[in-house]
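Colleague: Sending over input33.cif (mmCIF, C-alpha atoms and all ligand atoms).
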data_input
#
loop_
_atom_site.label_atom_id
_atom_site.label_comp_id
_atom_site.auth_asym_id
_atom_site.auth_seq_id
_atom_site.Cartn_x
_atom_site.Cartn_y
_atom_site.Cartn_z
CA MET D 1116 4.08 -23.65 -7.87
CA ASP D 1117 4.20 -25.63 -4.65
CA THR D 1118 3.30 -22.75 -2.35
CA GLU D 1119 5.05 -24.56 0.49
CA ALA D 1120 8.41 -24.16 -1.24
CA PRO D 1121 11.51 -24.02 0.96
CA ILE D 1122 11.48 -20.73 2.85
CA ARG D 1123 15.03 -19.71 1.92
CA GLU D 1124 14.29 -20.20 -1.77
CA VAL D 1125 11.23 -17.96 -1.62
CA ILE D 1126 13.11 -15.24 0.29
CA GLU D 1127 15.78 -15.28 -2.43
CA GLU D 1128 13.11 -15.08 -5.14
CA ILE D 1129 11.40 -12.12 -3.47
CA LYS D 1130 14.81 -10.43 -3.34
CA GLU D 1131 15.55 -11.17 -6.99
CA SER D 1132 12.10 -9.94 -8.04
CA GLY D 1133 12.64 -6.55 -6.42
CA GLY D 1134 10.83 -7.02 -3.10
CA ASP D 1135 13.84 -7.04 -0.79
CA ALA D 1136 12.59 -4.07 1.26
CA VAL D 1137 10.18 -6.34 3.21
CA LYS D 1138 13.01 -6.94 5.69
CA TYR D 1139 12.78 -3.36 7.04
CA CYS D 1140 9.19 -3.78 8.32
CA TYR D 1141 8.79 -3.60 12.10
CA GLN D 1142 5.07 -4.45 12.03
CA CYS D 1143 3.74 -1.09 13.23
CA GLY D 1144 0.49 -1.54 11.30
CA LYS D 1145 0.41 2.00 9.90
CA CYS D 1146 -0.13 0.59 6.40
CA ASP D 1147 -3.31 -1.19 7.50
CA SER D 1148 -4.66 1.92 9.18
CA VAL D 1149 -4.45 4.01 5.97
CA CYS D 1150 -5.31 1.34 3.39
CA PRO D 1151 -8.70 1.97 1.73
CA TRP D 1152 -9.43 -1.77 1.66
CA ASN D 1153 -10.00 -1.67 5.40
CA ARG D 1154 -12.93 0.65 4.83
CA VAL D 1155 -14.77 -2.12 2.98
CA ILE D 1156 -13.23 -5.50 3.94
CA ASN D 1157 -10.48 -6.85 6.20
CA PHE D 1158 -7.08 -6.67 4.52
CA SER D 1159 -3.64 -6.61 6.06
CA MET D 1160 -0.62 -5.43 4.14
CA ARG D 1161 1.30 -5.69 7.43
CA LYS D 1162 0.54 -9.42 7.54
CA LEU D 1163 1.52 -9.96 3.90
CA ILE D 1164 4.82 -8.16 4.49
CA ARG D 1165 5.46 -10.33 7.55
CA GLU D 1166 4.79 -13.50 5.58
CA ALA D 1167 7.07 -12.29 2.76
CA THR D 1168 9.82 -11.50 5.31
CA PHE D 1169 9.76 -15.11 6.45
CA GLY D 1170 9.54 -16.43 2.90
CA PHE D 1171 6.12 -18.01 3.25
CA PRO D 1172 3.60 -16.03 1.22
CA GLU D 1173 0.76 -18.06 -0.28
CA ILE D 1174 0.89 -16.44 -3.68
CA ASP D 1175 -2.34 -17.95 -4.99
CA ARG D 1176 -4.45 -16.02 -2.44
CA GLU D 1177 -6.41 -13.00 -3.62
CA GLU D 1178 -4.78 -10.87 -0.88
CA VAL D 1179 -1.56 -10.81 -2.90
CA TRP D 1180 -3.52 -9.19 -5.75
CA ARG D 1181 -5.61 -6.80 -3.61
CA CYS D 1182 -3.23 -3.84 -3.43
CA THR D 1183 -4.33 -1.21 -5.93
CA THR D 1184 -0.87 0.41 -5.71
CA CYS D 1185 -2.63 3.58 -4.58
CA GLY D 1186 0.55 4.85 -2.93
CA LYS D 1187 -1.06 5.73 0.39
CA CYS D 1188 0.76 3.33 2.69
CA PRO D 1189 4.24 3.82 1.18
CA GLN D 1190 3.98 7.54 1.94
CA GLN D 1191 3.15 6.74 5.59
CA CYS D 1192 5.51 3.81 6.24
CA PRO D 1193 8.19 4.74 8.81
CA ARG D 1194 10.60 2.08 7.43
CA ASP D 1195 10.34 2.71 3.67
CA VAL D 1196 9.22 -0.86 3.12
CA LYS D 1197 8.06 -0.29 -0.51
CA GLN D 1198 4.82 -2.25 -0.25
CA ILE D 1199 3.98 -1.79 -3.94
CA GLU D 1200 7.30 -3.18 -5.18
CA ASP D 1201 6.99 -6.02 -2.67
CA MET D 1202 3.53 -7.05 -3.89
CA VAL D 1203 4.59 -6.75 -7.54
CA ALA D 1204 7.56 -8.99 -6.70
CA LEU D 1205 5.19 -11.65 -5.31
CA ARG D 1206 2.99 -11.36 -8.40
CA ARG D 1207 6.06 -11.80 -10.63
CA ILE D 1208 6.94 -14.95 -8.73
CA ALA D 1209 3.35 -16.20 -9.11
CA ASN D 1210 3.51 -15.59 -12.87
CA ALA D 1211 6.89 -17.25 -13.15
CA TYR D 1212 5.44 -20.40 -11.55
CA GLY D 1213 2.24 -20.27 -13.60
CA VAL D 1214 0.02 -19.66 -10.55
CA THR D 1215 -3.32 -18.78 -12.11
CA PRO D 1216 -6.29 -18.90 -9.71
CA ALA D 1217 -9.73 -18.35 -11.26
CA PHE D 1218 -10.02 -14.71 -10.17
CA LEU D 1219 -7.01 -13.91 -12.42
CA LYS D 1220 -8.70 -15.18 -15.59
CA PRO D 1221 -9.48 -11.64 -16.83
CA VAL D 1222 -5.83 -10.68 -16.28
CA ARG D 1223 -4.77 -13.66 -18.40
CA SER D 1224 -7.15 -12.57 -21.18
CA ALA D 1225 -5.92 -8.98 -20.99
CA SER D 1226 -2.28 -10.07 -21.15
CA ALA D 1227 -2.92 -12.35 -24.16
CA SER D 1228 -4.62 -9.48 -26.00
CA LEU D 1229 -1.87 -7.03 -25.03
CA ALA D 1230 0.76 -9.42 -26.39
CA ALA D 1231 -1.11 -9.95 -29.66
CA GLU D 1232 -2.80 -6.60 -30.39
CA GLY D 1233 -1.28 -4.07 -27.98
CA ASN D 1234 -4.56 -3.49 -26.10
CA PRO D 1235 -6.26 -5.40 -23.27
CA PHE D 1236 -9.72 -5.66 -24.85
CA GLY D 1237 -9.25 -8.26 -27.58
CA GLU D 1238 -9.73 -5.48 -30.14
CA GLU D 1239 -7.83 -5.27 -33.44
CA ARG D 1240 -4.76 -3.05 -33.48
CA ALA D 1241 -5.91 -1.73 -36.88
CA LYS D 1242 -8.99 -0.16 -35.22
CA ARG D 1243 -7.02 1.85 -32.68
CA ALA D 1244 -7.61 5.18 -34.42
CA ASP D 1245 -11.32 4.62 -35.17
CA TRP D 1246 -12.26 7.03 -32.35
CA ALA D 1247 -10.90 9.88 -34.50
CA GLU D 1248 -13.01 9.15 -37.58
CA GLY D 1249 -14.63 12.28 -38.93
CA LEU D 1250 -12.48 14.55 -36.76
CA SER D 1251 -9.56 16.57 -38.09
CA VAL D 1252 -6.90 14.36 -36.59
CA LYS D 1253 -3.73 13.70 -38.61
CA PRO D 1254 -1.23 10.86 -38.34
CA PHE D 1255 1.81 12.08 -36.42
CA THR D 1256 4.75 13.17 -38.57
CA GLU D 1257 8.17 14.42 -37.55
CA GLY D 1258 8.27 18.11 -36.75
CA MET D 1259 4.72 18.27 -35.34
CA GLU D 1260 4.37 20.14 -32.05
CA ILE D 1261 3.06 17.22 -30.03
CA LEU D 1262 2.01 13.56 -30.18
CA TYR D 1263 -1.40 12.88 -28.64
CA PHE D 1264 -1.40 9.41 -27.01
CA PRO D 1265 -4.99 8.68 -25.90
CA CYS D 1266 -4.38 5.19 -24.33
CA CYS D 1267 -6.30 1.94 -24.82
CA PHE D 1268 -9.37 2.97 -22.83
CA LEU D 1269 -9.99 6.23 -24.66
CA SER D 1270 -9.27 4.56 -28.01
CA TYR D 1271 -11.61 1.59 -27.69
CA ASP D 1272 -14.07 1.98 -24.79
CA GLY D 1273 -17.48 3.10 -26.06
CA GLN D 1274 -18.08 5.26 -22.98
CA LEU D 1275 -14.62 6.85 -22.93
CA LYS D 1276 -13.97 7.64 -26.62
CA LYS D 1277 -15.79 10.93 -26.03
CA VAL D 1278 -12.83 12.06 -23.89
CA ALA D 1279 -10.31 11.49 -26.72
CA GLN D 1280 -12.73 13.20 -29.10
CA ALA D 1281 -13.15 16.19 -26.76
CA THR D 1282 -9.36 16.42 -26.43
CA ALA D 1283 -8.87 16.44 -30.22
CA GLY D 1284 -11.55 19.14 -30.54
CA ILE D 1285 -9.84 21.30 -27.92
CA LEU D 1286 -6.41 20.88 -29.54
CA ASN D 1287 -7.84 21.83 -32.94
CA GLN D 1288 -9.61 24.86 -31.49
CA ALA D 1289 -6.34 25.99 -29.86
CA GLY D 1290 -4.50 25.55 -33.18
CA VAL D 1291 -2.14 22.88 -31.85
CA ASP D 1292 -0.17 21.06 -34.55
CA PHE D 1293 -0.67 17.51 -33.26
CA GLY D 1294 -0.96 13.98 -34.58
CA ILE D 1295 -1.63 10.43 -33.38
CA LEU D 1296 0.13 7.12 -34.03
CA GLY D 1297 -3.06 5.04 -34.36
CA ALA D 1298 -2.02 1.42 -34.97
CA GLY D 1299 1.56 2.46 -34.18
CA GLU D 1300 0.54 2.98 -30.54
CA SER D 1301 0.58 0.13 -27.99
CA CYS D 1302 -0.64 0.06 -24.39
CA CYS D 1303 1.83 1.88 -22.14
CA GLY D 1304 2.07 -1.32 -20.06
CA GLU D 1305 1.88 0.33 -16.64
CA SER D 1306 -1.01 -1.75 -15.26
CA ILE D 1307 0.02 -5.11 -16.65
CA ARG D 1308 3.47 -4.55 -15.11
CA LYS D 1309 1.80 -4.21 -11.70
CA THR D 1310 0.26 -7.66 -12.15
CA GLY D 1311 3.76 -9.10 -12.37
CA HIS D 1312 3.94 -9.46 -16.19
CA GLU D 1313 7.36 -7.88 -16.49
CA ALA D 1314 8.31 -9.39 -19.86
CA LEU D 1315 5.04 -8.21 -21.41
CA PHE D 1316 5.57 -4.72 -20.00
CA LYS D 1317 9.03 -4.66 -21.60
CA GLN D 1318 7.63 -5.82 -24.94
CA LEU D 1319 4.99 -3.05 -24.92
CA ALA D 1320 7.48 -0.41 -23.80
CA ARG D 1321 9.94 -1.39 -26.56
CA GLU D 1322 7.16 -1.26 -29.19
CA ASN D 1323 6.19 2.25 -28.09
CA ILE D 1324 9.75 3.50 -27.76
CA LYS D 1325 10.58 2.22 -31.27
CA SER D 1326 7.46 3.88 -32.64
CA PHE D 1327 8.29 7.19 -30.91
CA ILE D 1328 11.86 7.14 -32.24
CA ASP D 1329 10.85 6.08 -35.77
CA HIS D 1330 8.33 8.92 -35.94
CA GLY D 1331 10.64 11.54 -34.44
CA VAL D 1332 8.44 12.13 -31.38
CA LYS D 1333 9.81 14.61 -28.85
CA LYS D 1334 6.80 15.64 -26.76
CA ILE D 1335 3.88 13.37 -25.78
CA LEU D 1336 0.47 14.50 -24.54
CA VAL D 1337 -1.39 11.87 -22.51
CA SER D 1338 -4.91 11.65 -21.09
CA SER D 1339 -4.16 8.80 -18.70
CA PRO D 1340 -2.07 9.25 -15.56
CA HIS D 1341 -1.02 5.61 -16.04
CA CYS D 1342 0.57 6.47 -19.42
CA TYR D 1343 2.10 9.54 -17.79
CA HIS D 1344 3.66 7.39 -15.08
CA ALA D 1345 4.92 4.80 -17.57
CA PHE D 1346 6.51 7.28 -19.98
CA LYS D 1347 7.90 9.55 -17.30
CA ASN D 1348 9.16 6.97 -14.79
CA ASP D 1349 9.05 3.39 -16.11
CA TYR D 1350 10.46 4.09 -19.60
CA ALA D 1351 13.42 5.92 -18.06
CA GLY D 1352 14.73 2.42 -17.35
CA PHE D 1353 15.28 2.07 -21.11
CA LYS D 1354 17.50 5.17 -21.10
CA VAL D 1355 15.08 7.20 -23.20
CA ASN D 1356 13.71 10.56 -22.27
CA PHE D 1357 10.63 11.95 -24.00
CA GLU D 1358 8.93 15.08 -22.73
CA VAL D 1359 5.57 14.03 -21.29
CA VAL D 1360 2.67 16.28 -20.40
CA HIS D 1361 -0.69 15.34 -18.94
CA ILE D 1362 -3.81 16.93 -20.43
CA SER D 1363 -4.59 18.70 -17.13
CA GLN D 1364 -1.20 20.45 -17.38
CA TYR D 1365 -1.43 21.13 -21.10
CA LEU D 1366 -4.88 22.75 -20.84
CA GLY D 1367 -3.40 25.20 -18.33
CA GLU D 1368 -0.51 25.97 -20.71
CA LEU D 1369 -2.89 26.59 -23.61
CA ILE D 1370 -5.08 28.89 -21.50
CA ASN D 1371 -2.07 30.80 -20.10
CA GLU D 1372 -0.58 31.27 -23.57
CA GLY D 1373 -3.89 32.67 -24.82
CA ARG D 1374 -4.28 29.85 -27.35
CA LEU D 1375 -7.40 28.52 -25.67
CA LYS D 1376 -10.11 31.02 -24.81
CA ILE D 1377 -12.83 30.25 -22.30
CA SER D 1378 -15.94 31.95 -23.65
CA LYS D 1379 -18.72 30.58 -21.46
CA GLU D 1380 -19.61 30.40 -17.80
CA TYR D 1381 -20.19 27.13 -15.95
CA HIS D 1382 -22.48 27.68 -13.01
CA LYS D 1383 -22.03 24.43 -11.14
CA LYS D 1384 -20.59 23.18 -7.89
CA VAL D 1385 -17.69 20.96 -8.82
CA THR D 1386 -15.34 18.79 -6.80
CA TYR D 1387 -12.12 17.24 -8.09
CA HIS D 1388 -11.01 13.64 -7.50
CA ASP D 1389 -7.19 13.27 -7.52
CA PRO D 1390 -6.20 10.11 -9.43
CA CYS D 1391 -3.47 8.20 -7.52
CA TYR D 1392 -1.13 8.10 -10.52
CA LEU D 1393 -1.44 11.82 -11.18
CA GLY D 1394 -1.38 12.95 -7.55
CA ARG D 1395 0.44 10.72 -5.07
CA HIS D 1396 2.68 9.04 -7.66
CA ASN D 1397 3.58 12.14 -9.69
CA GLY D 1398 2.77 15.15 -7.52
CA ILE D 1399 0.34 16.81 -9.98
CA TYR D 1400 -2.29 18.40 -7.79
CA ASP D 1401 -2.38 22.08 -8.75
CA ALA D 1402 -2.58 21.86 -12.56
CA PRO D 1403 -6.13 20.42 -12.81
CA ARG D 1404 -7.38 22.70 -10.04
CA GLY D 1405 -5.77 25.66 -11.79
CA VAL D 1406 -7.67 24.86 -15.00
CA LEU D 1407 -10.99 24.51 -13.17
CA LYS D 1408 -10.43 27.81 -11.33
CA ARG D 1409 -10.07 29.62 -14.68
CA ILE D 1410 -13.68 28.79 -15.59
CA PRO D 1411 -16.05 31.64 -14.66
CA GLY D 1412 -19.01 30.60 -12.53
CA LEU D 1413 -17.51 27.25 -11.54
CA GLU D 1414 -17.49 26.75 -7.78
CA LEU D 1415 -14.69 24.37 -6.81
CA GLN D 1416 -15.17 22.59 -3.50
CA GLU D 1417 -12.61 20.26 -1.97
CA MET D 1418 -13.45 16.88 -0.51
CA GLU D 1419 -11.87 16.03 2.82
CA GLU D 1420 -9.84 13.27 1.16
CA SER D 1421 -8.04 15.35 -1.43
CA ARG D 1422 -4.52 15.84 -2.80
CA GLU D 1423 -2.04 13.56 -0.89
CA ASN D 1424 -4.97 12.08 1.05
CA SER D 1425 -7.09 11.32 -1.99
CA LEU D 1426 -9.20 8.17 -1.88
CA CYS D 1427 -8.19 5.60 -4.51
CA CYS D 1428 -10.89 4.67 -7.06
CA GLY D 1429 -9.86 1.00 -6.70
CA MET D 1430 -8.72 0.33 -10.27
CA GLY D 1431 -4.93 0.65 -10.13
CA GLY D 1432 -2.41 -2.17 -9.76
CA GLY D 1433 -4.23 -4.32 -12.32
CA ARG D 1434 -7.51 -4.24 -10.33
CA ILE D 1435 -9.11 -2.74 -13.45
CA TRP D 1436 -9.24 -6.35 -14.72
CA ILE D 1437 -10.11 -8.11 -11.46
CA ASP D 1438 -13.72 -8.24 -10.38
CA THR D 1439 -14.46 -6.32 -7.20
CA LYS D 1440 -17.86 -6.92 -5.58
CA MET D 1441 -20.06 -3.84 -5.96
CA SER D 1442 -20.37 -3.52 -2.18
CA ASP D 1443 -16.55 -3.52 -1.77
CA ARG D 1444 -15.73 -0.68 -4.17
CA PHE D 1445 -13.91 2.40 -2.85
CA SER D 1446 -15.53 4.41 -5.64
CA ASN D 1447 -18.88 4.01 -3.84
CA LEU D 1448 -17.39 5.86 -0.87
CA ARG D 1449 -16.08 8.55 -3.20
CA ILE D 1450 -19.44 9.12 -4.88
CA LYS D 1451 -21.09 9.42 -1.46
CA GLU D 1452 -18.38 11.80 -0.28
CA ALA D 1453 -18.77 14.04 -3.34
CA GLY D 1454 -22.56 13.86 -3.18
CA GLY D 1455 -22.52 14.69 0.53
CA LEU D 1456 -20.57 17.83 -0.26
CA GLY D 1457 -23.40 19.05 -2.44
CA ALA D 1458 -21.27 18.89 -5.60
CA GLU D 1459 -23.19 18.65 -8.86
CA VAL D 1460 -20.18 17.40 -10.82
CA LEU D 1461 -17.36 15.10 -9.75
CA VAL D 1462 -14.52 15.80 -12.15
CA THR D 1463 -11.39 13.75 -12.60
CA ALA D 1464 -8.56 13.23 -15.08
CA CYS D 1465 -8.06 9.47 -15.44
CA PRO D 1466 -9.89 6.82 -17.49
CA TYR D 1467 -9.76 4.27 -14.65
CA CYS D 1468 -11.23 6.71 -12.13
CA LEU D 1469 -13.90 7.72 -14.63
CA THR D 1470 -14.89 4.09 -15.17
CA ALA D 1471 -15.03 3.26 -11.46
CA LEU D 1472 -16.82 6.44 -10.41
CA GLU D 1473 -19.41 6.21 -13.17
CA ASP D 1474 -20.12 2.55 -12.32
CA SER D 1475 -20.62 3.50 -8.68
CA ARG D 1476 -22.78 6.50 -9.55
CA LEU D 1477 -25.12 4.24 -11.51
CA GLY D 1478 -24.91 1.37 -9.01
CA LEU D 1479 -25.82 3.67 -6.13
CA ASN D 1480 -28.64 5.34 -8.09
CA TYR D 1481 -26.96 8.72 -7.85
CA GLU D 1482 -27.91 9.70 -11.42
CA ASP D 1483 -30.01 12.63 -10.20
CA VAL D 1484 -27.51 13.65 -7.53
CA ILE D 1485 -24.19 14.07 -9.31
CA GLN D 1486 -22.51 13.80 -12.71
CA VAL D 1487 -19.05 12.31 -13.30
CA LYS D 1488 -16.90 14.06 -15.91
CA GLU D 1489 -13.38 14.15 -17.25
CA ILE D 1490 -11.76 17.59 -17.16
CA THR D 1491 -11.67 17.96 -20.97
CA GLU D 1492 -15.44 17.43 -21.14
CA ILE D 1493 -15.95 20.56 -19.03
CA ILE D 1494 -13.42 22.57 -21.03
CA GLN D 1495 -15.09 21.47 -24.25
CA GLU D 1496 -18.38 22.91 -22.95
CA VAL D 1497 -16.94 26.34 -22.11
CA ILE D 1498 -14.87 27.08 -25.21
CA ARG D 1499 -17.56 26.91 -27.87
S1 LIG B 1501 3.75 0.73 7.77
FE1 LIG B 1501 5.70 -0.13 7.04
S2 LIG B 1501 6.81 -0.76 8.93
FE2 LIG B 1501 4.64 -0.47 9.49
S3 LIG B 1501 3.70 -2.51 9.27
FE3 LIG B 1501 3.38 -1.45 7.33
S4 LIG B 1501 5.12 -2.07 6.06
FE4 LIG B 1501 5.66 -2.56 8.18
S1 LIG B 1502 -0.67 0.93 -1.73
FE1 LIG B 1502 -2.78 1.54 -1.21
S2 LIG B 1502 -4.06 -0.26 -1.72
FE2 LIG B 1502 -1.91 -0.95 -1.60
S3 LIG B 1502 -1.75 -1.72 0.52
FE3 LIG B 1502 -0.98 0.43 0.45
S4 LIG B 1502 -2.77 1.68 1.03
FE4 LIG B 1502 -3.54 -0.38 0.49
#
Kindly transcribe the structure held in the file into structure tokens.
Ligand code: SF4
Ligand code: SF4

Modeller:
Amino acid sequence: MDTEAPIREVIEEIKESGGDAVKYCYQCGKCDSVCPWNRVINFSMRKLIREATFGFPEIDREEVWRCTTCGKCPQQCPRDVKQIEDMVALRRIANAYGVTPAFLKPVRSASASLAAEGNPFGEERAKRADWAEGLSVKPFTEGMEILYFPCCFLSYDGQLKKVAQATAGILNQAGVDFGILGAGESCCGESIRKTGHEALFKQLARENIKSFIDHGVKKILVSSPHCYHAFKNDYAGFKVNFEVVHISQYLGELINEGRLKISKEYHKKVTYHDPCYLGRHNGIYDAPRGVLKRIPGLELQEMEESRENSLCCGMGGGRIWIDTKMSDRFSNLRIKEAGGLGAEVLVTACPYCLTALEDSRLGLNYEDVIQVKEITEIIQEVIR
């Protein structure tokens, strides 16, 4: 695209792509004061919104792709400017015009793989259920209590498969009648949508919705807050309504119903990192804390930036595929914050957060200071 396109034309395109709310901004700068990017580099959402208002955003600049969609500035904005929708609108325009700067190469690879195989890793669709080999995990059939939807990261990532495996073990121990779709599962599409690939999101959503309907799925258990957000909020646009439950909620249900018994103590200081898409975007703060508080011996300590004020891990909004310099990662700040609290374990409930926090833990040489775990890993340890 000629990025010096006529101003009026660009304003109309922003409007058509869903970013019309830029016009409400009165340049107070509150967004910049709360944005985590300004803890590591200079970044101005205020400036981007101003440029978009006047129809002159340079959509090939990395700034347009910086926002991690963490949800912090929209909750503070006095004019309801909808910064996330505005940035996604610019990214849609960039995609429509084939704007592909070098830093977006990994996003292009991910989108090609998502279109072909339903996952962003270039892996075969047929291998999607390999994580469950040797475990008692059945294919989902109509009438089962719940569909377990582990997501692409837990299905394919060598470091994260253990979370899907721990989840299956817990469900079996609790006697839950569950199944998986394996190759019948596609990426939920939440993250690729945030990079402006709307048509690809719709393709993935339709594939999943068809698969859910064909298999008679009524209730879906997810490990990823991004899948939760997609099924609960984004798929509602297709006029379908499946019951969705996140693992941090479901564990609490199983414990409360007496189906899951905690038989061991866990004598560690633990702090919980709220994932943006579980907390700020979907208001789930108490469920994971409630589960952790049921574990005898576990000492739960809160970080200053918790619940609505949680610090983003840096991986949302498609940033999971865009390289962020090690020194610029918010997850470094989070590891230091948790370590400074004296916590021995930093627990979370999102595959993106896990990836970012573990990378930072290793990068900062915090191996002897703190462990990073997903909530099911702790539950798995205390139910055997
Ligand atoms: S907080 Fe809202 S009104 Fe203030 S500068 Fe940012 S977008 Fe504009
Ligand atoms: S949503 Fe989060 S990352 Fe994006 S501009 Fe606002 S505060 Fe920054």

Colleague: Out of D:Lys1383, D:Arg1176, D:Arg1181, D:Arg1499, which residue has the shortest atom-to-atom distance to D:Thr1215 when counting only C-alpha atoms?

Modeller: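 Distance minimum relative to D:Thr1215 lands on D:Arg1176.
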
Colleague: List the spatial neighbours of stretch 1481-1493 of chain D as a compact mmCIF listing (two decimals) with C-alpha atoms, in the coordinates of the input - criterion: any atom at most 9 Å away, all atoms listed in the file, same-chain residues fewer than 6 positions off excluded.

Modeller:
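Writing the result to result.txt gives the following:
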# COMPACT_ATOMS: atom_id res chain seq x y z
CA LYS D 1277 -15.79 10.93 -26.03
CA VAL D 1278 -12.83 12.06 -23.89
CA ALA D 1279 -10.31 11.49 -26.72
CA ALA D 1281 -13.15 16.19 -26.76
CA THR D 1282 -9.36 16.42 -26.43
CA ILE D 1285 -9.84 21.30 -27.92
CA ILE D 1362 -3.81 16.93 -20.43
CA SER D 1363 -4.59 18.70 -17.13
CA LEU D 1366 -4.88 22.75 -20.84
CA TYR D 1381 -20.19 27.13 -15.95
CA PRO D 1403 -6.13 20.42 -12.81
CA VAL D 1406 -7.67 24.86 -15.00
CA LEU D 1407 -10.99 24.51 -13.17
CA ILE D 1450 -19.44 9.12 -4.88
CA LYS D 1451 -21.09 9.42 -1.46
CA ALA D 1453 -18.77 14.04 -3.34
CA GLY D 1454 -22.56 13.86 -3.18
CA GLY D 1457 -23.40 19.05 -2.44
CA ALA D 1458 -21.27 18.89 -5.60
CA GLU D 1459 -23.19 18.65 -8.86
CA VAL D 1460 -20.18 17.40 -10.82
CA LEU D 1461 -17.36 15.10 -9.75
CA VAL D 1462 -14.52 15.80 -12.15
CA THR D 1463 -11.39 13.75 -12.60
CA ALA D 1464 -8.56 13.23 -15.08
CA CYS D 1465 -8.06 9.47 -15.44
CA PRO D 1466 -9.89 6.82 -17.49
CA LEU D 1469 -13.90 7.72 -14.63
CA LEU D 1472 -16.82 6.44 -10.41
CA GLU D 1473 -19.41 6.21 -13.17
CA SER D 1475 -20.62 3.50 -8.68

Colleague: Could you tell me how far atom CA of D:Gly1258 sits from atom CA of D:Gly1331, in Å to one decimal place?

Modeller: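 Spanning atom CA of D:Gly1331 to atom CA of D:Gly1258 is a straight-line distance of 7.4 Å.
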
Colleague: Please tabulate, as a Markdown table, the residues of chain D that come within 8 Å of ligand LIG 1502 (chain B), each with its closest pair of atoms and the distance in Å to one decimal, counting only C-alpha atoms and all ligand atoms and ordering rows by chain, then residue number upward.

Modeller:
| residue | atom | partner | partner_atom | distance |
| --- | --- | --- | --- | --- |
| D:Cys1146 | CA | B:LIG1502 | FE3 | 6.0 |
| D:Asp1147 | CA | B:LIG1502 | FE4 | 7.1 |
| D:Val1149 | CA | B:LIG1502 | S4 | 5.7 |
| D:Cys1150 | CA | B:LIG1502 | S4 | 3.5 |
| D:Pro1151 | CA | B:LIG1502 | FE4 | 5.8 |
| D:Trp1152 | CA | B:LIG1502 | FE4 | 6.2 |
| D:Ser1159 | CA | B:LIG1502 | S3 | 7.6 |
| D:Met1160 | CA | B:LIG1502 | S3 | 5.3 |
| D:Arg1181 | CA | B:LIG1502 | S2 | 7.0 |
| D:Cys1182 | CA | B:LIG1502 | FE2 | 3.7 |
| D:Thr1183 | CA | B:LIG1502 | S2 | 4.3 |
| D:Thr1184 | CA | B:LIG1502 | S1 | 4.0 |
| D:Cys1185 | CA | B:LIG1502 | FE1 | 3.9 |
| D:Gly1186 | CA | B:LIG1502 | S1 | 4.3 |
| D:Lys1187 | CA | B:LIG1502 | S4 | 4.4 |
| D:Cys1188 | CA | B:LIG1502 | FE3 | 4.1 |
| D:Pro1189 | CA | B:LIG1502 | FE3 | 6.3 |
| D:Gln1198 | CA | B:LIG1502 | FE3 | 6.4 |
| D:Ile1199 | CA | B:LIG1502 | S1 | 5.8 |
| D:Cys1427 | CA | B:LIG1502 | FE1 | 7.5 |
| D:Gly1429 | CA | B:LIG1502 | S2 | 7.7 |

Colleague: Write out as JSON, numbers by chain which residues come within 12 Å of stretch 1136-1142 of chain D when counting only C-alpha atoms, dropping same-chain ones fewer than 4 positions away.

Modeller: {"D": [1126, 1127, 1129, 1130, 1131, 1132, 1146, 1147, 1148, 1159, 1160, 1161, 1162, 1163, 1164, 1165, 1166, 1167, 1168, 1169, 1170, 1172, 1189, 1192, 1193, 1194, 1195, 1196, 1197, 1198, 1199, 1200, 1201, 1202, 1204, 1205]}

Colleague: Point out the residue among D:Asn1157, D:Gln1191, D:Ser1301, D:Ser1421 with the least atom-to-atom distance to ligand LIG 1501 (chain B), counting all atoms listed in the file.

Modeller: D:Gln1191

Colleague: Tell me which of D:Gly1284, D:Gly1367, D:Gly1213, D:Gly1398 sits closest to D:Ile1410, counting all atoms listed in the file.

Modeller: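 That would be D:Gly1367, the residue with the smallest distance to D:Ile1410.
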
Colleague: Would you mind telling me which residue in D:Leu1250, D:Cys1143, D:Ile1437, D:Cys1267 lies nearest to ligand LIG 1501 (chain B) when using all atoms listed in the file?

Modeller: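 So, comparing all the options, the nearest one is D:Cys1143.
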
Colleague: Please report the interatomic distance between atom CA of D:Cys1302 and atom CA of D:Pro1235 in Å with one decimal.

Modeller: 7.9 Å

Colleague: Separation of atom CA of D:Pro1265 and atom CA of D:Thr1310, in Å?

Modeller: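 A separation of 22.0 Å between them.
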
Colleague: Restricting the calculation to only C-alpha atoms, which member of D:Gly1294, D:Pro1411, D:Gly1432, D:Gly1405 is positioned closest to D:Lys1253?

Modeller: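 Under the stated criterion, the closest residue is D:Gly1294.
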